[in-house]
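Chemist: Sending over structure01.txt (compact mmCIF, C-alpha atoms).
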# COMPACT_ATOMS: atom_id res chain seq x y z
CA MET F 1 1.94 62.59 -1.40
CA GLU F 2 3.24 63.14 -4.93
CA GLU F 3 6.26 60.95 -4.12
CA LEU F 4 3.96 58.14 -3.04
CA ALA F 5 2.32 58.03 -6.48
CA LYS F 6 5.65 57.66 -8.30
CA GLU F 7 6.68 54.06 -8.72
CA HIS F 8 10.15 52.64 -9.23
CA PRO F 9 11.27 49.19 -10.36
CA VAL F 10 13.12 47.19 -7.71
CA ARG F 11 16.24 47.21 -9.88
CA ASP F 12 16.64 50.95 -9.13
CA PHE F 13 17.66 50.30 -5.52
CA VAL F 14 19.04 46.76 -5.26
CA GLN F 15 22.24 44.99 -6.25
CA GLN F 16 22.41 41.21 -6.51
CA ILE F 17 25.18 39.76 -4.36
CA ASP F 18 27.51 36.90 -5.30
CA ARG F 19 29.51 35.50 -2.39
CA PHE F 20 29.69 31.96 -3.73
CA GLU F 21 32.35 29.70 -2.23
CA GLN F 22 33.48 26.29 -3.35
CA VAL F 23 32.27 23.67 -0.88
CA ASP F 24 35.14 22.47 1.32
CA PRO F 25 34.74 18.80 2.35
CA GLU F 26 36.44 19.57 5.68
CA LYS F 27 34.20 22.51 6.54
CA GLU F 28 30.86 22.58 8.39
CA TYR F 29 28.05 24.69 6.91
CA GLN F 30 24.93 26.14 8.52
CA LEU F 31 22.29 26.07 5.78
CA LEU F 32 19.26 28.34 5.69
CA GLY F 33 15.69 27.84 4.53
CA MET F 34 12.91 30.40 4.04
CA ARG F 35 9.55 30.48 5.80
CA SER F 36 6.37 31.51 3.99
CA ARG F 37 4.29 34.65 4.66
CA ILE F 38 7.39 36.88 4.99
CA ALA F 39 8.32 35.07 8.21
CA GLY F 40 11.95 35.20 7.11
CA PRO F 41 14.87 32.78 7.03
CA PHE F 42 15.63 30.00 9.50
CA ILE F 43 18.59 27.70 10.13
CA ARG F 44 17.46 24.50 8.43
CA GLU F 45 20.40 22.24 9.21
CA THR F 46 24.16 21.97 9.69
CA LYS F 47 26.06 19.78 7.25
CA GLN F 48 29.63 18.73 6.61
CA GLY F 49 30.98 19.60 3.20
CA THR F 50 31.09 15.92 2.28
CA GLU F 51 27.30 15.71 2.80
CA ILE F 52 26.52 18.55 0.37
CA SER F 53 25.90 17.67 -3.27
CA ALA F 54 26.29 21.23 -4.56
CA ASN F 55 29.73 22.41 -5.69
CA LYS F 56 29.30 25.90 -4.23
CA LEU F 57 27.19 27.81 -1.72
CA ASN F 58 26.36 31.50 -1.34
CA LYS F 59 27.30 33.19 1.94
CA VAL F 60 24.80 35.59 3.55
CA LYS F 61 25.45 38.62 5.70
CA GLN F 62 23.32 40.56 8.18
CA GLY F 63 20.88 42.88 6.41
CA ASP F 64 20.82 40.98 3.10
CA PHE F 65 17.45 40.83 1.37
CA ILE F 66 16.74 37.25 0.31
CA TYR F 67 13.98 35.19 -1.22
CA SER F 68 13.29 31.63 -2.33
CA ARG F 69 12.86 31.16 -6.08
CA LEU F 70 10.80 28.03 -5.47
CA PHE F 71 8.48 29.40 -2.78
CA ALA F 72 8.27 33.13 -3.52
CA TRP F 73 4.62 32.51 -4.42
CA GLN F 74 4.07 31.63 -0.75
CA GLY F 75 5.66 34.86 0.46
CA SER F 76 9.19 33.53 1.12
CA PHE F 77 10.91 36.92 1.33
CA GLY F 78 12.93 38.28 4.23
CA LEU F 79 16.06 39.79 5.74
CA ILE F 80 19.12 38.09 7.22
CA PRO F 81 19.28 38.78 10.99
CA ALA F 82 22.51 39.17 12.96
CA GLU F 83 22.42 35.60 14.30
CA MET F 84 22.48 34.18 10.76
CA ASP F 85 25.37 36.27 9.51
CA GLY F 86 27.85 33.94 7.81
CA CYS F 87 25.37 31.15 7.06
CA TYR F 88 24.95 29.71 3.57
CA VAL F 89 22.25 29.16 0.96
CA SER F 90 22.07 27.39 -2.38
CA ASN F 91 21.70 29.18 -5.69
CA GLU F 92 17.91 28.89 -5.32
CA PHE F 93 18.04 31.83 -2.88
CA PRO F 94 19.02 35.09 -4.62
CA ILE F 95 20.66 37.62 -2.29
CA PHE F 96 20.48 41.39 -2.67
CA LYS F 97 22.03 44.44 -1.07
CA LEU F 98 19.67 47.40 -0.82
CA ASP F 99 20.49 51.06 -1.28
CA ASN F 100 19.36 52.24 2.16
CA GLU F 101 19.50 55.87 1.06
CA LYS F 102 16.49 55.07 -1.13
CA ILE F 103 14.64 52.30 0.66
CA ILE F 104 14.35 50.75 4.11
CA SER F 105 14.78 46.97 4.01
CA GLU F 106 11.69 46.23 6.10
CA TYR F 107 9.60 48.45 3.81
CA LEU F 108 10.46 46.19 0.87
CA VAL F 109 9.68 43.04 2.86
CA TYR F 110 6.26 44.38 3.90
CA TRP F 111 5.59 45.40 0.30
CA PHE F 112 5.89 41.78 -0.78
CA ALA F 113 3.35 40.82 1.89
CA LEU F 114 0.60 42.89 0.26
CA PRO F 115 -2.15 40.65 -1.18
CA HIS F 116 -2.08 42.20 -4.67
CA ILE F 117 1.71 41.86 -4.84
CA GLN F 118 1.51 38.24 -3.72
CA LYS F 119 -0.98 37.62 -6.54
CA ARG F 120 1.42 39.23 -8.99
CA VAL F 121 4.30 37.07 -7.74
CA GLU F 122 2.12 33.96 -7.90
CA ALA F 123 1.15 34.80 -11.49
CA ASP F 124 4.82 35.16 -12.43
CA CYS F 125 5.51 31.75 -10.82
CA SER F 126 2.62 29.88 -12.44
CA GLY F 127 3.53 26.67 -14.22
CA SER F 128 2.14 25.34 -17.46
CA THR F 129 -0.25 22.92 -15.72
CA PRO F 130 -2.42 23.24 -12.56
CA GLY F 131 -0.46 22.52 -9.40
CA THR F 132 2.94 23.17 -10.93
CA ARG F 133 5.15 26.15 -10.12
CA ASN F 134 8.02 27.80 -11.90
CA ARG F 135 10.80 29.60 -10.13
CA TYR F 136 10.40 33.30 -9.37
CA LYS F 137 13.21 34.51 -11.55
CA GLU F 138 15.20 37.63 -10.83
CA ILE F 139 13.86 39.30 -13.99
CA PHE F 140 10.40 39.34 -12.38
CA PHE F 141 11.72 40.49 -9.00
CA LEU F 142 13.78 43.32 -10.47
CA SER F 143 11.00 44.60 -12.71
CA ILE F 144 8.21 44.75 -10.13
CA GLN F 145 7.41 48.37 -9.22
CA LEU F 146 6.53 50.00 -5.93
CA PRO F 147 6.00 53.55 -4.65
CA LEU F 148 8.99 55.09 -2.88
CA PRO F 149 8.02 57.77 -0.37
CA SER F 150 10.77 59.56 1.55
CA ILE F 151 12.90 57.58 3.99
CA ASP F 152 11.12 59.30 6.89
CA GLU F 153 7.72 58.27 5.51
CA GLN F 154 8.94 54.72 4.92
CA GLN F 155 10.14 54.57 8.52
CA THR F 156 6.76 55.77 9.73
CA ILE F 157 5.01 53.08 7.68
CA VAL F 158 7.36 50.37 8.97
CA SER F 159 6.99 51.54 12.58
CA ASN F 160 3.19 51.55 12.30
CA ILE F 161 3.14 48.03 10.84
CA GLN F 162 5.49 46.75 13.54
CA SER F 163 3.41 48.42 16.27
CA VAL F 164 0.20 46.81 14.97
CA SER F 165 1.98 43.47 14.56
CA LYS F 166 3.22 43.64 18.15
CA LYS F 167 -0.32 44.30 19.41
CA ILE F 168 -1.71 41.41 17.35
CA ASN F 169 0.95 39.05 18.72
CA GLU F 170 0.21 40.18 22.27
CA ALA F 171 -3.52 39.63 21.71
CA LYS F 172 -2.79 36.15 20.37
CA ARG F 173 -0.62 35.40 23.42
CA LEU F 174 -3.34 36.54 25.84
CA ARG F 175 -5.97 34.57 23.94
CA GLN F 176 -3.82 31.44 24.14
CA GLU F 177 -3.34 31.94 27.88
CA ILE F 178 -7.11 32.19 28.32
CA LEU F 179 -7.65 29.05 26.22
CA ASP F 180 -4.97 27.17 28.20
CA ASP F 181 -6.55 28.21 31.52
CA ALA F 182 -10.02 27.23 30.30
CA GLN F 183 -8.71 23.88 29.09
CA ALA F 184 -7.06 23.23 32.44
CA MET F 185 -10.30 24.09 34.28
CA LEU F 186 -12.35 21.84 32.01
CA LEU F 187 -9.90 18.97 32.45
CA SER F 188 -9.97 19.37 36.22
CA ALA F 189 -13.79 19.47 36.27
CA PHE F 190 -14.00 16.47 33.94
CA GLN F 191 -11.66 14.43 36.13
CA GLN F 192 -13.81 15.22 39.18
CA ILE F 193 -16.99 14.21 37.34
CA ILE F 194 -15.64 10.84 36.18
CA GLU F 195 -13.93 9.97 39.45
CA GLY F 196 -15.02 6.44 40.37
CA ALA F 197 -16.98 5.99 37.14
CA GLU F 198 -16.88 2.65 35.35
CA TYR F 199 -15.00 2.78 32.05
CA GLN F 200 -16.75 1.48 28.93
CA THR F 201 -15.46 0.80 25.44
CA MET F 202 -16.32 3.21 22.64
CA GLU F 203 -18.08 0.29 20.96
CA LYS F 204 -20.76 0.46 23.69
CA VAL F 205 -20.79 4.22 24.25
CA ALA F 206 -20.66 5.35 20.62
CA PRO F 207 -21.07 2.45 18.20
CA ILE F 208 -19.99 3.08 14.63
CA VAL F 209 -22.79 4.06 12.28
CA ARG F 210 -22.21 4.27 8.53
CA ARG F 211 -25.06 5.71 6.46
CA LYS F 212 -23.73 5.06 3.00
CA VAL F 213 -24.76 7.49 0.27
CA GLU F 214 -25.66 6.16 -3.16
CA ILE F 215 -23.90 8.42 -5.62
CA GLU F 216 -25.78 9.83 -8.60
CA ILE F 217 -23.81 11.28 -11.49
CA ASP F 218 -25.84 14.51 -11.60
CA GLY F 219 -26.06 14.87 -7.81
CA GLU F 220 -24.31 17.38 -5.54
CA TYR F 221 -22.71 16.37 -2.25
CA PRO F 222 -21.66 18.95 0.38
CA GLU F 223 -18.57 17.56 2.11
CA LEU F 224 -17.16 18.19 5.59
CA GLY F 225 -13.60 18.01 6.83
CA VAL F 226 -12.33 17.82 10.41
CA ARG F 227 -9.78 20.23 11.84
CA SER F 228 -6.99 19.08 14.12
CA PHE F 229 -6.74 19.58 17.90
CA GLY F 230 -10.49 19.44 18.50
CA LYS F 231 -11.24 22.60 16.49
CA GLY F 232 -14.33 21.20 14.87
CA THR F 233 -15.51 20.61 11.35
CA PHE F 234 -15.39 22.81 8.27
CA HIS F 235 -17.15 22.87 4.91
CA LYS F 236 -15.22 21.60 1.91
CA PRO F 237 -16.19 22.38 -1.70
CA VAL F 238 -19.40 20.73 -2.89
CA LEU F 239 -18.68 17.59 -4.90
CA ASN F 240 -20.50 16.77 -8.11
CA GLY F 241 -21.44 13.14 -8.52
CA ILE F 242 -19.09 12.77 -11.46
CA ASP F 243 -16.19 14.07 -9.35
CA VAL F 244 -16.74 11.66 -6.46
CA GLY F 245 -15.13 8.82 -8.39
CA THR F 246 -14.37 5.80 -6.21
CA LYS F 247 -14.66 7.79 -2.97
CA LYS F 248 -17.26 6.49 -0.50
CA LEU F 249 -19.50 9.10 1.09
CA TYR F 250 -21.54 8.75 4.28
CA HIS F 251 -24.45 10.82 5.56
CA ILE F 252 -24.00 12.55 8.94
CA LEU F 253 -26.61 13.88 11.35
CA PRO F 254 -26.60 16.48 14.17
CA GLY F 255 -25.11 14.95 17.31
CA ASP F 256 -22.81 12.55 15.46
CA LEU F 257 -19.25 12.22 16.74
CA VAL F 258 -16.82 12.11 13.83
CA PHE F 259 -13.07 11.80 13.54
CA SER F 260 -10.45 11.37 10.87
CA ASN F 261 -8.87 7.93 10.56
CA VAL F 262 -5.84 9.59 9.02
CA PHE F 263 -5.29 12.41 11.53
CA LEU F 264 -6.73 10.98 14.76
CA ILE F 265 -3.32 11.48 16.38
CA THR F 266 -4.00 15.24 16.29
CA HIS F 267 -7.14 14.87 18.45
CA GLU F 268 -9.77 15.35 15.75
CA LEU F 269 -12.84 14.57 17.85
CA PRO F 270 -15.41 17.35 17.32
CA PRO F 271 -19.11 16.73 18.10
CA PHE F 272 -21.83 18.11 15.81
Show the structure stored in the file as structure tokens.
Modeler:
Amino acid sequence: MEELAKEHPVRDFVQQIDRFEQVDPEKEYQLLGMRSRIAGPFIRETKQGTEISANKLNKVKQGDFIYSRLFAWQGSFGLIPAEMDGCYVSNEFPIFKLDNEKIISEYLVYWFALPHIQKRVEADCSGSTPGTRNRYKEIFFLSIQLPLPSIDEQQTIVSNIQSVSKKINEAKRLRQEILDDAQAMLLSAFQQIIEGAEYQTMEKVAPIVRRKVEIEIDGEYPELGVRSFGKGTFHKPVLNGIDVGTKKLYHILPGDLVFSNVFLITHELPPF
């Protein structure tokens, strides 16, 4: 356990890779993007050289460790899989080769998924004003420290995480199957119930009611939002009267049917 307590900066076991190539107008390029929450890279699009504004692109190889400077604060770290070997990224995606005698690639990826490390990355990416983000520069990446147990211990940690992750994914799959079956049963039952029924307009069944709230500057107004796909409502932060601005607020009561004018296409129809 003594090894676990000893921390090393990332620079001790990585080497930044430069495989930049001049963009050839006659060549076709598969360009990668990076998902958040360490979900890894994906093939974003295929472009002809003439469609690319950059002068050069960096070529990736299987096993490369890669991250997005712009979205590192969202957990955009990952490894290049075999099927993406030979694809390309812009200079906003630093590429690194790891010393696999010291560290297992997946161990480093999972390290960057830890909540306290994500907070550290986010702090290093913070802009000068709220809502702005700076790039996660290599100097921050290379200086961040992590414990380096033996390779065998790292492999055990990685295997345990992957085993738990597999079980979670299987549980999610089974849960979705149950939800799909329940939805199908409900739909079938609903269709039987309404068979032969006379259709009415929503204007008659559920007329619009607007209970306008008069805003007071020193008042507090709990606000609700509506999730998509019929997943109900959720509490939003309480608004102070001074923060309401020109927004119109309406009072709701138990039993009201509410939906979002903006996102109705995603089936936002939860009852209270």
Chemist: So which one's closest to F:Tyr221, F:Pro207, F:Gly241, F:Pro41, F:Pro115? Using all atoms listed in the file, please.
Modeler: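 That would be F:Gly241, the residue with the smallest distance to F:Tyr221.
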Chemist: Just checking: using all atoms listed in the file, which residue out of F:Ile242, F:Ile161, F:Arg120, F:Thr156 ends up closest to F:Phe140?
Modeler: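 Using all atoms listed in the file, the shortest distance to F:Phe140 belongs to F:Arg120.
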Chemist: Just the number, please: distance in Å from atom CA of F:Ile208 to atom CA of F:Lys248, one decimal.
Modeler: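 Here the two named atoms are 15.7 Å from each other.
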Chemist: F:Pro149, F:Glu170, F:Ile193, F:Ser228: which is nearest F:Glu7, counting all atoms listed in the file?
Modeler: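 For F:Glu7, the nearest of the candidates is F:Pro149.
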Chemist: Mind pulling up the distance from atom CA of F:Leu257 to atom CA of F:Val244?
Modeler: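 Going from atom CA of F:Val244 over to atom CA of F:Leu257 covers 23.3 Å.
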Chemist: How many Å separate atom CA of F:Lys247 from atom CA of F:Gly225?
Modeler: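 One can read the atom CA of F:Lys247 to atom CA of F:Gly225 distance as 14.2 Å.
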Chemist: Given all atoms listed in the file as the basis, pick out the residue of F:Ile95, F:Leu148, F:Met84, F:Met185 nearest to F:Phe42.
Modeler: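 That would be F:Met84, the residue with the smallest distance to F:Phe42.
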Chemist: Tell me which of F:Ile252, F:Ile139, F:Ala197, F:Val23 sits closest to F:Leu224, counting all atoms listed in the file.
Modeler: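 So, comparing all the options, the nearest one is F:Ile252.
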Chemist: Which residues are close to F:Ser68, i.e. within 7 Å by only C-alpha atoms, leaving aside same-chain residues fewer than 6 positions away? Reply as a list in words.
Modeler: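 Counting only the stated atoms, we get Met34, Ser76, Phe77, Glu92 and Phe93 of chain F.
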Chemist: Generate the output file for the selected residues, C-alpha atoms, as a short mmCIF file (atom, residue, chain, number, x, y, z; two decimals), keeping the file's coordinate frame.
Modeler:
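Saved to selection-v6.cif:
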data_model
loop_
_atom_site.label_atom_id
_atom_site.label_comp_id
_atom_site.auth_asym_id
_atom_site.auth_seq_id
_atom_site.Cartn_x
_atom_site.Cartn_y
_atom_site.Cartn_z
CA MET F 34 12.91 30.40 4.04
CA SER F 76 9.19 33.53 1.12
CA PHE F 77 10.91 36.92 1.33
CA GLU F 92 17.91 28.89 -5.32
CA PHE F 93 18.04 31.83 -2.88
#
Chemist: Give me the residues near F:Leu79 as a list in words, where near means some atom within 6 Å (using all atoms listed in the file) and where sequence neighbours in that chain fewer than 5 positions away do not count.
Modeler: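 The residues that qualify are Gly63, Asp64 and Phe65 of chain F.
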Chemist: Closest to F:Glu214 among F:Ser105, F:Gln176, F:Thr246, F:Ser126, using all atoms listed in the file?
Modeler: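 Selected residue with least distance to F:Glu214: F:Thr246.
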Chemist: Could you give me, as a list in words, the residues that sit within 12 Å of (-12.8, 23.8, -2.6) in the file's coordinates, counting all atoms listed in the file?
Modeler: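 Protein and nucleic acid residues near the point are Pro222, Glu223, Leu224, Gly225, Phe234, His235, Lys236, Pro237, Val238, Leu239 and Asn240 of chain F.
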Chemist: Can I get the selected residues back with C-alpha atoms, as a short mmCIF file (atom, residue, chain, number, x, y, z; two decimals), keeping the file's coordinate frame?
Modeler:
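After the write, out21.cif holds the following:
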data_model
loop_
_atom_site.label_atom_id
_atom_site.label_comp_id
_atom_site.auth_asym_id
_atom_site.auth_seq_id
_atom_site.Cartn_x
_atom_site.Cartn_y
_atom_site.Cartn_z
CA PRO F 222 -21.66 18.95 0.38
CA GLU F 223 -18.57 17.56 2.11
CA LEU F 224 -17.16 18.19 5.59
CA GLY F 225 -13.60 18.01 6.83
CA PHE F 234 -15.39 22.81 8.27
CA HIS F 235 -17.15 22.87 4.91
CA LYS F 236 -15.22 21.60 1.91
CA PRO F 237 -16.19 22.38 -1.70
CA VAL F 238 -19.40 20.73 -2.89
CA LEU F 239 -18.68 17.59 -4.90
CA ASN F 240 -20.50 16.77 -8.11
#
